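Written below as structure tokens is the structure these notes are about.
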Amino acid sequence: MTKCFGAVRALDALDLDVPAGGVVGYLGPNGSGKSTTLRILVDLSRADSGDVRVLGESPRCAGPGLRRRIGYLPGELRLDERLTVEETLRFWATLRGGVDRPYVEELCARLDLDLGRATKGLSSGNRRKVGLVGAFMARPDLLILDEPTSGLDPLVQEEFLHLAEEVRADGRTIFLSSHVLSEVQRVADHVIVLRAGRVVATGDVADLRHRASQPFTVWFRSTPPLDELRAVPGVRDVDVRGNEVSGIVDDEPTGLLAVLGRHPVDHVLFPEPDLEQAFLRFYESEEGR
Amino acid sequence: MTAQHRELLVRALRALRRSTLGWGIGIVVFAGITVAFWPSLEESDALASFSGMSDGLLEAFGAQNIATPAGYLDGQMFALMLPLLLSGMAIAMVTALTSGDEDAGRLELLHALPVSRRSIWLGRFAAVVIMVALTAAATSILMALSLRPFSLDEVSAAQITVATFACAVLGVFHAAVGFAIGGSGGSRGTSVGLTVLVLMAGYIASFVLPIAPALEGARKVSPWYWALGSQPVTDGVQAPWFLLLVAATVVLVAVGAIAVDRRDIRSA
């Protein structure tokens, strides 16, 4: 699908396939088109061209019937400040045709959300909790969550991960956007990376991690074999300080390890690669096109 | 009406409670003061001073017969102030609940729930109609009860009821203008600005331009004239023009409800 806002092309012939069941992370920097995509999936916005199917149906044509099967959390949640948290959730529950009340209370307790509070003056984290309870409370087939943990404290983030686990165990689907990579790494089975309205990478989290650029630092016992290191395919950004050499190796590190095996080494450090590193490389290659 | 529709209506009514109270008290107090002033004005020669003014100028305020009870109520209340206040109330409320809430991002999550956009928007319009109707009813009852105590009983309660009803429908018409603009994607500022422009242009076309004999026909394009004629208490409502006003209101509401279904909802 393609979506423009005036001269700005927010989504550029975006081709997206979110597998059903499990947690899918939708990653990209601010302004990459994540929220625009999610808003189209719940029919808040309409693509200029292209074909969109959610749970097999067109969001535009299927209307409320389809949205009954979806729980949505917007990126910027603004609540009606005349209501309390309880009234807000009851209102949404009635519009959903009723929900399991004990489950709502359980969700509030788990996310440490006080039902009796006025929504006026709630912190962004607490507003987010209200939105999360609203999204999860009807146990929908699909949860579309825009930056779900932004503003939440670490304990509540942890609880969110448990909730996501439960959805996965039920065979339901979460499609969540984020630019907080560590959290997606922890929760998602599958990742789609977006850049300037286009998908630049998709894959399992493990697969993406495998393809990630790997930083390394090596302390040699004698003069480092710099020429050999620089000749290894995929090794780049080599930096030397005395006997200490650091750099980055793209793809698998077999060639690098072979070089290290031929020279006496005191110590080697391979920090755990995170998706940010995978991310940056995809962006760099995209920009180089 | 389903439970969802009822809930949408009830929430919208609740959202309007406070502002209805504010506008309602203001309008009812204004009506009370207007009625209460009649005996002293009738006895003094203040009203005689109007006879020196040109007919055209008096007509601009619907006050051509100001020395009679019906003419006094037309001039002081029903030809300008009550329609203006009820329209102002209707415009403020409808734009707060539609384009205002959309500007603030409060409609985003609501529109992602399993209810149609039309149900949400029409529920909010219905809430405004109910609040305008309640305010008009309170005003009408107060005035009808005050006619005898304040020596205005030449005017019947039925005349007051019809004139107040006409003012309320004019208010609802202006709410429909704001609704159509908001439904088409106008921001609250745009909706209020354009609707007030329609309100003022209608008044000018109905009461000011006709002062020049050559422009007398201008009133026929004015919603004010369709609702009120030139003296709503004295002359009552003219059915064909009134039906035109109702039809225009229905069309504007339909435009808003259809347009909102065909566009993107603004995010916060």
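Identifiers for the structure tokens are assigned positionally: chains receive A, B, ... in sequence, residues are indexed from 1 per chain, and ligands are indexed from 1 in the order shown.
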Enumerate the residues of stretch 133-187 of chain B with a DSSP assignment of helix (DSSP H, G or I), computed from the backbone, and present them as a VMD selection string. chain B and resid 133 to 146 157 to 183
Which of stretch 62-286 of chain A counts as strand (DSSP E or B) under DSSP, as a PyMOL selection string please? chain A and resi 70-73+84+118+142-146+173-178+190-195+198-204+214-220+235-241+244-249+265-269
Residues just named, written with C-alpha atoms as a PDB file, in the first residue's frame:
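In the end it all went to out17.pdb:
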```
ATOM      1  CA  ILE A  70      -8.984  -6.318  17.142  1.00  0.00           C
ATOM      2  CA  GLY A  71      -7.601  -4.574  20.213  1.00  0.00           C
ATOM      3  CA  TYR A  72      -5.829  -1.344  19.315  1.00  0.00           C
ATOM      4  CA  LEU A  73      -3.548   0.914  21.308  1.00  0.00           C
ATOM      5  CA  THR A  84     -12.509   8.009  35.666  1.00  0.00           C
ATOM      6  CA  ALA A 118      -9.697  10.256  37.361  1.00  0.00           C
ATOM      7  CA  LEU A 142      -5.343  -9.552  16.985  1.00  0.00           C
ATOM      8  CA  LEU A 143      -3.719  -6.859  19.099  1.00  0.00           C
ATOM      9  CA  ILE A 144      -2.325  -3.874  17.224  1.00  0.00           C
ATOM     10  CA  LEU A 145      -0.188  -1.940  19.663  1.00  0.00           C
ATOM     11  CA  ASP A 146       1.672   1.249  18.805  1.00  0.00           C
ATOM     12  CA  THR A 173      -1.441 -12.434  17.412  1.00  0.00           C
ATOM     13  CA  ILE A 174       0.232  -9.247  18.574  1.00  0.00           C
ATOM     14  CA  PHE A 175       1.548  -6.785  16.011  1.00  0.00           C
ATOM     15  CA  LEU A 176       3.477  -4.150  17.903  1.00  0.00           C
ATOM     16  CA  SER A 177       5.535  -1.229  16.798  1.00  0.00           C
ATOM     17  CA  SER A 178       8.543  -0.003  18.666  1.00  0.00           C
ATOM     18  CA  HIS A 190       9.281 -12.246  14.068  1.00  0.00           C
ATOM     19  CA  VAL A 191      10.484  -8.786  13.147  1.00  0.00           C
ATOM     20  CA  ILE A 192       9.715  -6.432  10.296  1.00  0.00           C
ATOM     21  CA  VAL A 193      12.044  -3.462   9.924  1.00  0.00           C
ATOM     22  CA  LEU A 194      10.691  -0.345   8.287  1.00  0.00           C
ATOM     23  CA  ARG A 195      12.572   2.582   6.862  1.00  0.00           C
ATOM     24  CA  ARG A 198       9.453   0.622   3.010  1.00  0.00           C
ATOM     25  CA  VAL A 199      10.272  -2.738   4.547  1.00  0.00           C
ATOM     26  CA  VAL A 200      14.052  -3.097   4.659  1.00  0.00           C
ATOM     27  CA  ALA A 201      14.273  -6.422   6.490  1.00  0.00           C
ATOM     28  CA  THR A 202      12.056  -9.179   7.798  1.00  0.00           C
ATOM     29  CA  GLY A 203      12.877 -12.337   9.628  1.00  0.00           C
ATOM     30  CA  ASP A 204      12.845 -14.231  12.875  1.00  0.00           C
ATOM     31  CA  GLN A 214      28.926  -8.022  15.507  1.00  0.00           C
ATOM     32  CA  PRO A 215      31.276  -5.702  17.365  1.00  0.00           C
ATOM     33  CA  PHE A 216      34.470  -7.252  18.744  1.00  0.00           C
ATOM     34  CA  THR A 217      37.535  -6.340  20.790  1.00  0.00           C
ATOM     35  CA  VAL A 218      40.706  -8.482  20.889  1.00  0.00           C
ATOM     36  CA  TRP A 219      43.790  -8.109  23.110  1.00  0.00           C
ATOM     37  CA  PHE A 220      46.778  -9.679  21.307  1.00  0.00           C
ATOM     38  CA  VAL A 235      35.525  -7.063   8.938  1.00  0.00           C
ATOM     39  CA  ARG A 236      35.391  -3.276   8.994  1.00  0.00           C
ATOM     40  CA  ASP A 237      36.020  -0.195  11.130  1.00  0.00           C
ATOM     41  CA  VAL A 238      39.188  -1.703  12.605  1.00  0.00           C
ATOM     42  CA  ASP A 239      40.672   0.473  15.343  1.00  0.00           C
ATOM     43  CA  VAL A 240      44.038  -0.157  17.074  1.00  0.00           C
ATOM     44  CA  ARG A 241      45.280   0.980  20.480  1.00  0.00           C
ATOM     45  CA  GLU A 244      44.067  -3.894  21.562  1.00  0.00           C
ATOM     46  CA  VAL A 245      42.084  -4.104  18.331  1.00  0.00           C
ATOM     47  CA  SER A 246      38.378  -3.397  18.000  1.00  0.00           C
ATOM     48  CA  GLY A 247      36.123  -3.505  14.994  1.00  0.00           C
ATOM     49  CA  ILE A 248      32.897  -4.822  13.542  1.00  0.00           C
ATOM     50  CA  VAL A 249      32.319  -8.024  11.652  1.00  0.00           C
ATOM     51  CA  VAL A 265      45.493 -13.796  22.101  1.00  0.00           C
ATOM     52  CA  ASP A 266      45.058 -12.705  25.738  1.00  0.00           C
ATOM     53  CA  HIS A 267      41.385 -11.893  25.705  1.00  0.00           C
ATOM     54  CA  VAL A 268      38.439 -11.593  23.273  1.00  0.00           C
ATOM     55  CA  LEU A 269      35.200  -9.704  23.790  1.00  0.00           C
TER      56      LEU A 269
END
```
Closest-contact table, chain A side, partner chain B, 10 Å, counting only C-alpha atoms, as a Markdown table:
```
| residue | atom | partner | partner_atom | distance |
| --- | --- | --- | --- | --- |
| A:Ser35 | CA | B:Ser267 | CA | 9.8 |
| A:Thr36 | CA | B:Ser267 | CA | 9.9 |
| A:Arg39 | CA | B:Ala112 | CA | 8.7 |
| A:Ile40 | CA | B:Asp264 | CA | 9.0 |
| A:Leu41 | CA | B:Ala112 | CA | 9.6 |
| A:Val42 | CA | B:Ala112 | CA | 5.8 |
| A:Asp43 | CA | B:Ala112 | CA | 7.2 |
| A:Leu44 | CA | B:Ile265 | CA | 5.4 |
| A:Ser45 | CA | B:Asp264 | CA | 4.3 |
| A:Arg46 | CA | B:Asp264 | CA | 6.2 |
| A:Ala47 | CA | B:Asp264 | CA | 9.4 |
| A:Arg60 | CA | B:Arg262 | CA | 9.5 |
| A:Gly63 | CA | B:Ser116 | CA | 6.9 |
| A:Pro64 | CA | B:Pro114 | CA | 4.0 |
| A:Gly65 | CA | B:Pro114 | CA | 6.4 |
| A:Leu66 | CA | B:Pro114 | CA | 7.5 |
| A:Arg67 | CA | B:Pro114 | CA | 4.9 |
| A:Arg68 | CA | B:Pro114 | CA | 4.9 |
| A:Arg69 | CA | B:Pro114 | CA | 8.5 |
| A:Ile70 | CA | B:Leu113 | CA | 8.2 |
| A:Gly71 | CA | B:Leu113 | CA | 7.9 |
| A:Tyr72 | CA | B:Ala112 | CA | 6.7 |
| A:Leu73 | CA | B:Leu109 | CA | 7.2 |
| A:Pro74 | CA | B:Leu109 | CA | 6.7 |
| A:Gly75 | CA | B:Ala268 | CA | 8.9 |
| A:Glu76 | CA | B:Ala268 | CA | 6.2 |
| A:Leu77 | CA | B:Gly105 | CA | 7.4 |
| A:Arg78 | CA | B:Arg106 | CA | 5.1 |
| A:Leu79 | CA | B:Arg106 | CA | 5.8 |
| A:Asp80 | CA | B:Arg106 | CA | 6.4 |
| A:Glu81 | CA | B:Arg106 | CA | 9.5 |
| A:Arg82 | CA | B:Ala15 | CA | 7.2 |
| A:Leu83 | CA | B:Ala15 | CA | 9.2 |
| A:Glu87 | CA | B:Arg11 | CA | 9.9 |
| A:Arg90 | CA | B:Glu7 | CA | 9.9 |
| A:Phe91 | CA | B:Glu7 | CA | 7.2 |
| A:Trp92 | CA | B:Leu113 | CA | 7.5 |
| A:Ala93 | CA | B:Leu113 | CA | 9.5 |
| A:Thr94 | CA | B:Gln4 | CA | 6.2 |
| A:Leu95 | CA | B:Gln4 | CA | 5.0 |
| A:Arg96 | CA | B:Pro114 | CA | 5.9 |
| A:Gly97 | CA | B:Gln4 | CA | 7.2 |
| A:Gly98 | CA | B:Gln4 | CA | 9.8 |
| A:Gly131 | CA | B:Leu109 | CA | 8.7 |
| A:Gly134 | CA | B:Leu109 | CA | 9.6 |
| A:Ala135 | CA | B:Leu113 | CA | 9.6 |
```
Near stretch 106-114 of chain A, within 8 Å and counting only C-alpha atoms, which residues show up once chain neighbours fewer than 3 positions away are dropped, as a compact mmCIF listing (two decimals) with C-alpha atoms, in the first residue's frame?
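Heads up, here's the output in out27.txt:
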```txt
# COMPACT_ATOMS: atom_id res chain seq x y z
CA VAL A 85 -10.42 5.02 34.61
CA PRO A 102 -12.92 -10.22 36.41
CA TYR A 103 -10.34 -10.25 33.61
CA ARG A 117 -8.57 7.37 39.52
CA ASN A 126 -0.71 5.45 33.39
CA LYS A 129 -1.86 1.26 31.04
CA VAL A 130 -5.51 2.26 30.54
CA VAL A 133 -6.19 -2.85 29.52
CA MET A 137 -9.65 -6.89 27.93
CA VAL A 156 5.11 -3.01 34.28
CA GLU A 159 4.23 -7.66 33.11
CA PHE A 160 3.48 -6.61 29.55
```
